[in-house]
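Novice: I am sharing data-v9.txt, which consists of compact mmCIF, C-alpha atoms:
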# COMPACT_ATOMS: atom_id res chain seq x y z
CA MET D 18 91.93 115.05 133.84
CA ALA D 19 95.08 115.98 135.82
CA ARG D 20 94.53 112.97 138.10
CA GLU D 21 94.25 110.61 135.10
CA VAL D 22 97.44 111.96 133.55
CA THR D 23 99.26 111.70 136.88
CA SER D 24 98.10 108.12 137.44
CA THR D 25 99.26 107.14 133.97
CA ARG D 26 102.67 108.67 134.56
CA LEU D 27 103.12 107.02 137.93
CA ALA D 28 102.35 103.66 136.33
CA HIS D 29 105.55 103.86 134.30
CA SER D 30 107.81 102.74 137.13
CA SER D 31 110.45 101.56 134.69
CA GLU D 32 111.18 105.13 133.59
CA PRO D 33 114.16 106.93 135.19
CA ASP D 34 113.42 108.77 138.41
CA TRP D 35 115.72 111.71 137.63
CA LEU D 36 115.08 113.91 134.59
CA THR D 37 117.13 116.53 132.81
CA LEU D 38 115.70 120.00 132.19
CA GLY D 39 114.59 119.04 128.69
CA GLN D 40 113.03 115.78 129.84
CA ALA D 41 111.21 117.50 132.72
CA ALA D 42 109.85 120.18 130.39
CA LYS D 43 108.57 117.50 128.01
CA TYR D 44 107.10 115.55 130.93
CA LEU D 45 105.08 118.59 132.06
CA GLY D 46 104.31 119.72 128.50
CA VAL D 47 105.86 123.18 128.86
CA ALA D 48 108.85 125.09 127.51
CA GLN D 49 112.26 124.62 129.16
CA SER D 50 112.29 128.33 130.02
CA THR D 51 108.96 127.87 131.84
CA ILE D 52 110.11 125.06 134.13
CA ARG D 53 113.38 126.92 134.69
CA LYS D 54 111.38 129.92 135.87
CA TRP D 55 109.14 127.71 138.03
CA SER D 56 112.17 126.21 139.77
CA ASP D 57 113.76 129.66 140.21
CA HIS D 58 110.54 130.75 141.96
CA GLY D 59 110.49 127.64 144.13
CA ARG D 60 107.38 126.10 142.58
CA VAL D 61 109.22 123.00 141.32
CA PRO D 62 112.21 121.58 143.29
CA ALA D 63 115.40 121.39 141.27
CA PHE D 64 118.70 119.70 142.12
CA TYR D 65 122.07 120.52 140.60
CA THR D 66 124.88 118.31 139.38
CA PRO D 67 128.51 119.22 140.21
CA GLY D 68 128.64 120.77 136.74
CA GLY D 69 125.69 123.04 137.53
CA HIS D 70 123.05 121.24 135.44
CA ARG D 71 119.51 121.00 136.76
CA ARG D 72 117.92 117.66 137.56
CA TYR D 73 114.29 117.03 138.49
CA ARG D 74 112.84 114.13 140.45
CA ARG D 75 109.83 112.54 138.73
CA GLY D 76 107.92 112.32 142.02
CA ASP D 77 108.33 116.07 142.58
CA LEU D 78 106.90 116.75 139.13
CA ASP D 79 103.90 114.49 139.82
CA ASN D 80 103.33 116.26 143.14
CA PHE D 81 103.51 119.60 141.36
CA LEU D 82 100.86 118.46 138.86
CA GLU D 83 98.54 117.32 141.64
CA ARG D 84 99.11 120.43 143.71
CA SER D 85 98.63 122.90 140.85
CA GLY D 86 95.93 121.00 138.97
CA LEU D 87 97.96 121.37 135.78
CA SER D 88 98.44 118.78 133.07
CA SER D 89 99.62 118.99 129.50
CA GLY D 90 96.76 120.56 127.57
CA SER D 91 94.51 120.95 130.64
CA GLY D 92 94.23 124.74 130.46
CA PRO D 93 92.89 126.94 127.65
CA THR D 94 95.05 126.73 124.54
CA VAL D 95 96.61 129.88 123.11
CA LEU D 96 98.36 130.05 119.74
CA ILE D 97 100.86 132.89 119.32
CA VAL D 98 101.90 133.71 115.75
CA ASP D 99 104.93 135.99 115.49
CA ASP D 100 108.26 135.86 113.67
CA ASP D 101 110.10 137.09 116.77
CA PRO D 102 111.20 134.02 118.80
CA LYS D 103 112.07 136.10 121.89
CA LEU D 104 108.59 137.57 122.04
CA ARG D 105 107.02 134.14 121.56
CA GLU D 106 109.13 132.77 124.42
CA TYR D 107 108.18 135.67 126.71
CA VAL D 108 104.47 135.17 126.07
CA ARG D 109 104.69 131.39 126.35
CA VAL D 110 106.56 131.40 129.66
CA ASN D 111 104.19 133.90 131.26
CA LEU D 112 101.03 132.20 130.01
CA GLU D 113 102.24 128.73 131.00
CA MET D 114 102.96 130.13 134.45
CA GLU D 115 99.25 130.98 134.60
CA GLY D 116 98.13 127.50 133.52
CA TYR D 117 97.60 128.02 129.78
CA ALA D 118 98.68 125.56 127.11
CA VAL D 119 100.64 127.48 124.49
CA ARG D 120 101.50 126.66 120.89
CA GLU D 121 103.84 128.74 118.75
CA ALA D 122 104.14 129.59 115.07
CA GLY D 123 106.91 131.66 113.49
CA SER D 124 104.92 132.62 110.39
CA ALA D 125 101.37 132.90 109.09
CA GLU D 126 101.74 129.74 107.03
CA GLU D 127 103.01 127.83 110.06
CA GLY D 128 100.15 129.22 112.12
CA LEU D 129 97.57 128.09 109.58
CA GLY D 130 99.15 124.64 109.69
CA VAL D 131 98.73 124.53 113.47
CA LEU D 132 95.06 125.46 113.08
CA GLU D 133 94.54 122.53 110.73
CA GLU D 134 95.82 120.18 113.45
CA SER D 135 93.75 121.58 116.33
CA THR D 136 91.65 124.62 117.21
CA PRO D 137 93.01 126.87 119.99
CA ASP D 138 90.82 128.90 122.33
CA LEU D 139 92.59 132.13 121.35
CA VAL D 140 95.07 133.34 118.73
CA LEU D 141 97.59 136.14 119.39
CA LEU D 142 98.49 137.35 115.90
CA ASP D 143 101.26 139.76 114.90
CA VAL D 144 100.24 142.20 112.14
CA MET D 145 103.70 142.70 110.64
CA MET D 146 105.26 139.47 109.43
CA PRO D 147 107.26 138.74 106.25
CA GLU D 148 105.62 137.14 103.21
CA VAL D 149 102.10 136.73 104.65
CA ASP D 150 101.08 139.41 107.16
CA GLY D 151 98.66 139.10 110.05
CA TRP D 152 95.71 140.66 108.21
CA GLU D 153 95.93 138.07 105.45
CA MET D 154 96.20 135.25 107.99
CA LEU D 155 93.14 136.61 109.81
CA ARG D 156 91.21 136.61 106.52
CA ARG D 157 92.18 132.99 105.83
CA VAL D 158 91.28 131.91 109.36
CA GLN D 159 87.84 133.48 109.03
CA GLU D 160 87.42 132.01 105.55
CA GLN D 161 88.11 128.50 106.85
CA HIS D 162 86.52 128.67 110.30
CA GLY D 163 84.05 131.56 110.13
CA VAL D 164 84.17 135.11 111.53
CA GLY D 165 84.44 135.02 115.32
CA ALA D 166 84.68 131.22 115.51
CA ILE D 167 88.24 131.52 116.87
CA PRO D 168 88.92 134.64 119.00
CA VAL D 169 91.90 136.61 117.64
CA VAL D 170 93.86 139.45 119.23
CA MET D 171 95.99 141.41 116.76
CA PHE D 172 99.14 143.20 117.89
CA SER D 173 101.93 145.22 116.34
CA GLY D 174 105.28 145.74 118.01
CA LYS D 175 107.83 146.03 115.22
CA VAL D 176 110.43 148.74 114.77
CA ASP D 177 111.41 149.83 111.27
CA GLU D 178 115.20 149.50 111.39
CA ARG D 179 115.76 151.71 108.31
CA ALA D 180 113.74 154.59 109.72
CA ALA D 181 115.43 154.34 113.10
CA ASP D 182 118.85 154.28 111.44
CA GLU D 183 117.92 157.37 109.41
CA GLY D 184 117.15 159.35 112.56
CA LEU D 185 120.28 158.12 114.29
CA GLY D 186 122.26 158.97 111.16
CA VAL D 187 121.25 162.63 111.51
CA LEU D 188 122.57 162.62 115.07
CA ASP D 189 125.84 161.08 113.88
CA GLU D 190 126.33 163.99 111.45
CA SER D 191 125.70 166.74 114.00
CA THR D 192 124.42 167.04 117.57
CA PRO D 193 121.32 169.20 118.02
CA ASP D 194 120.61 171.16 121.19
CA LEU D 195 117.23 169.48 121.57
CA VAL D 196 115.33 166.54 120.01
CA LEU D 197 111.53 166.54 119.75
CA LEU D 198 110.62 162.87 119.41
CA ASP D 199 107.18 161.49 118.63
CA VAL D 200 106.32 158.39 120.63
CA MET D 201 103.87 156.91 118.13
CA MET D 202 105.15 157.27 114.57
CA PRO D 203 103.92 155.29 111.57
CA GLU D 204 107.08 153.19 111.31
CA VAL D 205 109.28 153.99 114.32
CA ASP D 206 108.64 153.51 118.01
CA GLY D 207 109.91 156.66 119.73
CA TRP D 208 110.87 154.79 122.90
CA GLU D 209 113.17 152.52 120.91
CA MET D 210 114.69 155.54 119.19
CA LEU D 211 115.30 157.16 122.59
CA ARG D 212 116.96 153.99 123.88
CA ARG D 213 119.34 153.90 120.92
CA VAL D 214 120.17 157.60 121.25
CA GLN D 215 121.02 157.09 124.92
CA GLU D 216 123.01 153.97 124.09
CA ARG D 217 125.16 155.85 121.58
CA HIS D 218 125.43 159.29 123.20
CA GLY D 219 124.71 158.66 126.88
CA VAL D 220 121.65 159.32 129.02
CA GLY D 221 120.95 163.06 129.14
CA ALA D 222 123.75 163.96 126.71
CA ILE D 223 121.15 165.16 124.18
CA PRO D 224 117.96 166.62 125.69
CA VAL D 225 114.88 164.83 124.34
CA ILE D 226 111.24 165.82 124.68
CA MET D 227 108.84 162.97 123.99
CA PHE D 228 105.34 163.67 122.72
CA SER D 229 102.39 161.72 121.41
CA GLY D 230 99.69 163.27 119.32
CA LYS D 231 98.52 160.15 117.51
CA ILE D 232 96.33 157.26 118.48
CA ASP D 233 96.40 154.20 116.26
CA GLU D 234 92.62 154.32 115.84
CA ARG D 235 92.60 153.15 112.23
CA ALA D 236 94.40 149.91 113.03
CA ALA D 237 92.17 149.30 116.05
CA GLU D 238 89.03 150.00 114.00
CA GLU D 239 90.28 147.81 111.17
CA ALA D 240 90.93 144.96 113.60
CA THR D 241 87.39 145.27 114.96
CA SER D 242 85.84 145.53 111.51
CA ARG D 243 87.68 142.39 110.41
CA GLY D 244 86.39 140.39 113.33
CA ALA D 245 89.39 140.46 115.69
CA GLN D 246 88.67 140.61 119.43
CA GLY D 247 91.31 143.23 120.13
CA PHE D 248 94.27 145.24 118.88
CA ILE D 249 97.43 146.20 120.76
CA GLY D 250 99.57 148.81 119.03
CA LYS D 251 102.61 150.94 119.69
CA PRO D 252 104.20 151.74 122.05
CA PHE D 253 104.17 147.99 122.53
CA ASN D 254 104.44 146.19 125.86
CA PRO D 255 104.36 142.37 125.63
CA GLN D 256 102.71 142.24 129.07
CA GLU D 257 99.58 143.65 127.41
CA LEU D 258 99.28 140.38 125.49
CA ILE D 259 99.34 138.45 128.76
CA ASP D 260 96.80 140.76 130.40
CA GLN D 261 94.39 140.72 127.47
CA THR D 262 94.63 136.94 127.17
CA LYS D 263 93.73 136.52 130.84
CA GLN D 264 90.83 138.95 130.38
CA LEU D 265 89.41 137.23 127.30
CA LEU D 266 90.22 133.68 128.35
CA PRO D 267 90.27 133.14 132.14
CA THR D 268 91.83 129.87 133.32
Would you mind giving the structure from this file in structure tokens?

Specialist:
Amino acid sequence: MAREVTSTRLAHSSEPDWLTLGQAAKYLGVAQSTIRKWSDHGRVPAFYTPGGHRRYRRGDLDNFLERSGLSSGSGPTVLIVDDDPKLREYVRVNLEMEGYAVREAGSAEEGLGVLEESTPDLVLLDVMMPEVDGWEMLRRVQEQHGVGAIPVVMFSGKVDERAADEGLGVLDESTPDLVLLDVMMPEVDGWEMLRRVQERHGVGAIPVIMFSGKIDERAAEEATSRGAQGFIGKPFNPQELIDQTKQLLPT
């Protein structure tokens, strides 16, 4: 398929030979941040204008497609549904680097709309989203497509700002000699709380002992019982989404 796409592109000799970053990303079917990372790593040659803007030669892009075996839509398709654009970009860039085709949705409703257009090979679905949460989207997906018809990995990586602010507010009122901080709390990620404490008061200024006596078993069990293929909870590392995708859906 990559050869056919490449041949078609080469046939358009009337198109400009030099492409901007946005044009090159569209040409390869990836995000601009992905091709930027590829060129930073030396996988795709990039040239720079006197003003510092990147330019890509069409022939280099065709050679890259032939060499890597990639083409727009050639790899497994992953849909990530999350209201956090930075997380979506992180996942997209890393998966596209591995040869996946990635589609994004910023809400459950948008994600359901994408599913009506085409069926991905895997869905990465955030539990905590405004208006319609991940559990409700999972139910609708299964209602329309059947349980297990589309593999889904649920994840939860949100921090409750109000709860975090409440804890930090206590520290603003008075400075304790020691803080005992739970890593995995129902609404607050302890690592994020620690980061904010250090940001405000300095690293080591207030001694902190981290502990974890909870495992998010209920959420993991609920995800399994509802037909999801996995659950990633707090403390949340976006790299886990990449690793689990590669495990469930090898390229």

Novice: Near stretch 67-77 of chain D, counting all atoms listed in the file, which residues have an atom at most 10 Å away, once you skip same-chain residues fewer than 3 positions from it, shown as a list in words?

Specialist: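 Contacts, with the query itself left out: Arg26, Leu27, Glu32, Pro33, Asp34, Trp35, Leu36, Thr37, Leu38, Gly39, Gln40, Ala41, Ala42, Tyr44, Arg53, Ser56, Val61, Pro62, Ala63, Phe64, Asn80, Phe81, Leu82 and Glu83 of chain D.
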
Novice: Grab the atom CA of D:Pro137 to atom CA of D:Asp260 distance for me, in Å with one decimal place.

Specialist: 17.8 Å

Novice: How many Å separate atom CA of D:Gln161 from atom CA of D:Pro93?

Specialist: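 Rounded to one decimal, the two atoms are 21.4 Å apart.
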
Novice: Would you please work out which residue, of D:Glu216, D:Glu153, D:Glu148, D:Asp138, is nearest to D:Tyr117 when using only C-alpha atoms?

Specialist: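 The answer is D:Asp138, which sits nearest to D:Tyr117.
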
Novice: Excluding same-chain residues fewer than 2 positions from D:Thr262, what lies within 9 Å of it counting all atoms listed in the file, as a list in words?

Specialist: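 Residues near the query, excluding close chain neighbours: Val95, Leu112, Leu139, Leu141, Val170, Glu257, Leu258, Ile259, Asp260, Gln264, Leu265, Leu266 and Pro267 of chain D.
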
Novice: With distances taken over all atoms listed in the file, which residue among D:Pro193, D:Ile167, D:Ser124, D:Glu238 lies nearest D:Asp100?

Specialist: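 Of D:Pro193, D:Ile167, D:Ser124, D:Glu238, the one nearest D:Asp100 is D:Ser124, counting all atoms listed in the file.
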
Novice: Mind checking which residues fall within 10 Å of D:Arg60, counting only C-alpha atoms, ignoring those fewer than 5 positions away in the same chain, and posting them as a count of residues only?

Specialist: 7

Novice: I need the residue nearest D:Gln246 from this list: D:Val140, D:Val131, D:Met210, D:Met145. Use all atoms listed in the file for the distance.

Specialist: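 Among the listed residues, the smallest separation from D:Gln246 belongs to D:Val140.
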
Novice: At a cut-off of 12 Å, using only C-alpha atoms, what residues contact D:His162? Leave out same-chain residues fewer than 5 positions from it and give the result as a PyMOL selection string.

Specialist: chain D and resi 129+132-133+135-137+154-157+167-168

Novice: For atom CA of D:Val149 and atom CA of D:Pro102, determine how far apart the two atoms are, in Å to one decimal place.

Specialist: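 It comes out at 17.0 Å.
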
Novice: For D:Thr192, which residue out of D:Val169, D:Ala222, D:Leu142, D:Arg213 is the nearest one, using only C-alpha atoms?

Specialist: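 Closest to D:Thr192, using only C-alpha atoms: D:Ala222.
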
Novice: Restricting the calculation to all atoms listed in the file, which member of D:Gln159, D:Val144, D:Ser50, D:Tyr65 is positioned closest to D:Glu106?

Specialist: D:Ser50

Novice: Is it possible to get the axis-aligned box enclosing stretch 134-137 of chain D (all listed atoms, 8 Å extra per side) as JSON, with centre and edge lengths in Å rounded to one decimal?

Specialist:
{"center_x": 93.7, "center_y": 123.5, "center_z": 116.7, "size_x": 20.2, "size_y": 22.7, "size_z": 22.5}

Novice: Give me stretch 28-60 of chain D with N, CA and C atoms filled in, as a compact mmCIF listing (two decimals), in the coordinates of the input.

Specialist:
# COMPACT_ATOMS: atom_id res chain seq x y z
N ALA D 28 102.37 105.08 136.68
CA ALA D 28 102.35 103.66 136.33
C ALA D 28 103.63 103.23 135.64
N HIS D 29 104.33 104.20 135.04
CA HIS D 29 105.55 103.86 134.30
C HIS D 29 106.73 103.82 135.26
N SER D 30 106.77 102.81 136.12
CA SER D 30 107.81 102.74 137.13
C SER D 30 109.17 102.42 136.54
N SER D 31 109.18 101.92 135.31
CA SER D 31 110.45 101.56 134.69
C SER D 31 111.20 102.78 134.17
N GLU D 32 110.53 103.93 134.09
CA GLU D 32 111.18 105.13 133.59
C GLU D 32 112.14 105.68 134.65
N PRO D 33 113.19 106.39 134.23
CA PRO D 33 114.16 106.93 135.19
C PRO D 33 113.52 107.92 136.15
N ASP D 34 114.00 107.90 137.39
CA ASP D 34 113.42 108.77 138.41
C ASP D 34 113.92 110.20 138.28
N TRP D 35 115.14 110.38 137.76
CA TRP D 35 115.72 111.71 137.63
C TRP D 35 115.68 112.16 136.16
N LEU D 36 115.24 113.39 135.95
CA LEU D 36 115.08 113.91 134.59
C LEU D 36 115.93 115.15 134.39
N THR D 37 116.43 115.30 133.17
CA THR D 37 117.13 116.53 132.81
C THR D 37 116.11 117.65 132.62
N LEU D 38 116.59 118.87 132.41
CA LEU D 38 115.70 120.00 132.19
C LEU D 38 114.79 119.76 130.99
N GLY D 39 115.38 119.30 129.90
CA GLY D 39 114.59 119.04 128.69
C GLY D 39 113.57 117.95 128.89
N GLN D 40 113.96 116.88 129.58
CA GLN D 40 113.03 115.78 129.84
C GLN D 40 111.90 116.22 130.76
N ALA D 41 112.23 117.02 131.78
CA ALA D 41 111.21 117.50 132.72
C ALA D 41 110.22 118.43 132.02
N ALA D 42 110.73 119.28 131.13
CA ALA D 42 109.85 120.18 130.39
C ALA D 42 108.89 119.39 129.51
N LYS D 43 109.41 118.35 128.85
CA LYS D 43 108.57 117.50 128.01
C LYS D 43 107.56 116.74 128.85
N TYR D 44 107.96 116.30 130.02
CA TYR D 44 107.10 115.55 130.93
C TYR D 44 105.90 116.39 131.37
N LEU D 45 106.15 117.69 131.63
CA LEU D 45 105.08 118.59 132.06
C LEU D 45 104.36 119.24 130.88
N GLY D 46 104.95 119.13 129.67
CA GLY D 46 104.31 119.72 128.50
C GLY D 46 104.47 121.22 128.41
N VAL D 47 105.62 121.74 128.90
CA VAL D 47 105.86 123.18 128.86
C VAL D 47 107.23 123.44 128.26
N ALA D 48 107.55 124.72 128.04
CA ALA D 48 108.85 125.09 127.51
C ALA D 48 109.92 124.94 128.60
N GLN D 49 111.17 124.72 128.19
CA GLN D 49 112.26 124.62 129.16
C GLN D 49 112.39 125.91 129.96
N SER D 50 112.18 127.05 129.30
CA SER D 50 112.29 128.33 130.02
C SER D 50 111.20 128.46 131.08
N THR D 51 110.04 127.81 130.86
CA THR D 51 108.96 127.87 131.84
C THR D 51 109.31 127.09 133.10
N ILE D 52 109.77 125.85 132.94
CA ILE D 52 110.11 125.06 134.13
C ILE D 52 111.33 125.65 134.83
N ARG D 53 112.23 126.25 134.07
CA ARG D 53 113.38 126.92 134.69
C ARG D 53 112.90 128.07 135.59
N LYS D 54 111.92 128.81 135.09
CA LYS D 54 111.38 129.92 135.87
C LYS D 54 110.61 129.40 137.08
N TRP D 55 109.87 128.31 136.90
CA TRP D 55 109.14 127.71 138.03
C TRP D 55 110.11 127.29 139.13
N SER D 56 111.21 126.66 138.75
CA SER D 56 112.17 126.21 139.77
C SER D 56 112.88 127.39 140.41
N ASP D 57 113.14 128.45 139.64
CA ASP D 57 113.76 129.66 140.21
C ASP D 57 112.85 130.29 141.25
N HIS D 58 111.52 130.18 141.04
CA HIS D 58 110.54 130.75 141.96
C HIS D 58 110.15 129.78 143.08
N GLY D 59 110.76 128.58 143.07
CA GLY D 59 110.49 127.64 144.13
C GLY D 59 109.24 126.81 143.97
N ARG D 60 108.61 126.86 142.79
CA ARG D 60 107.38 126.10 142.58
C ARG D 60 107.68 124.63 142.27
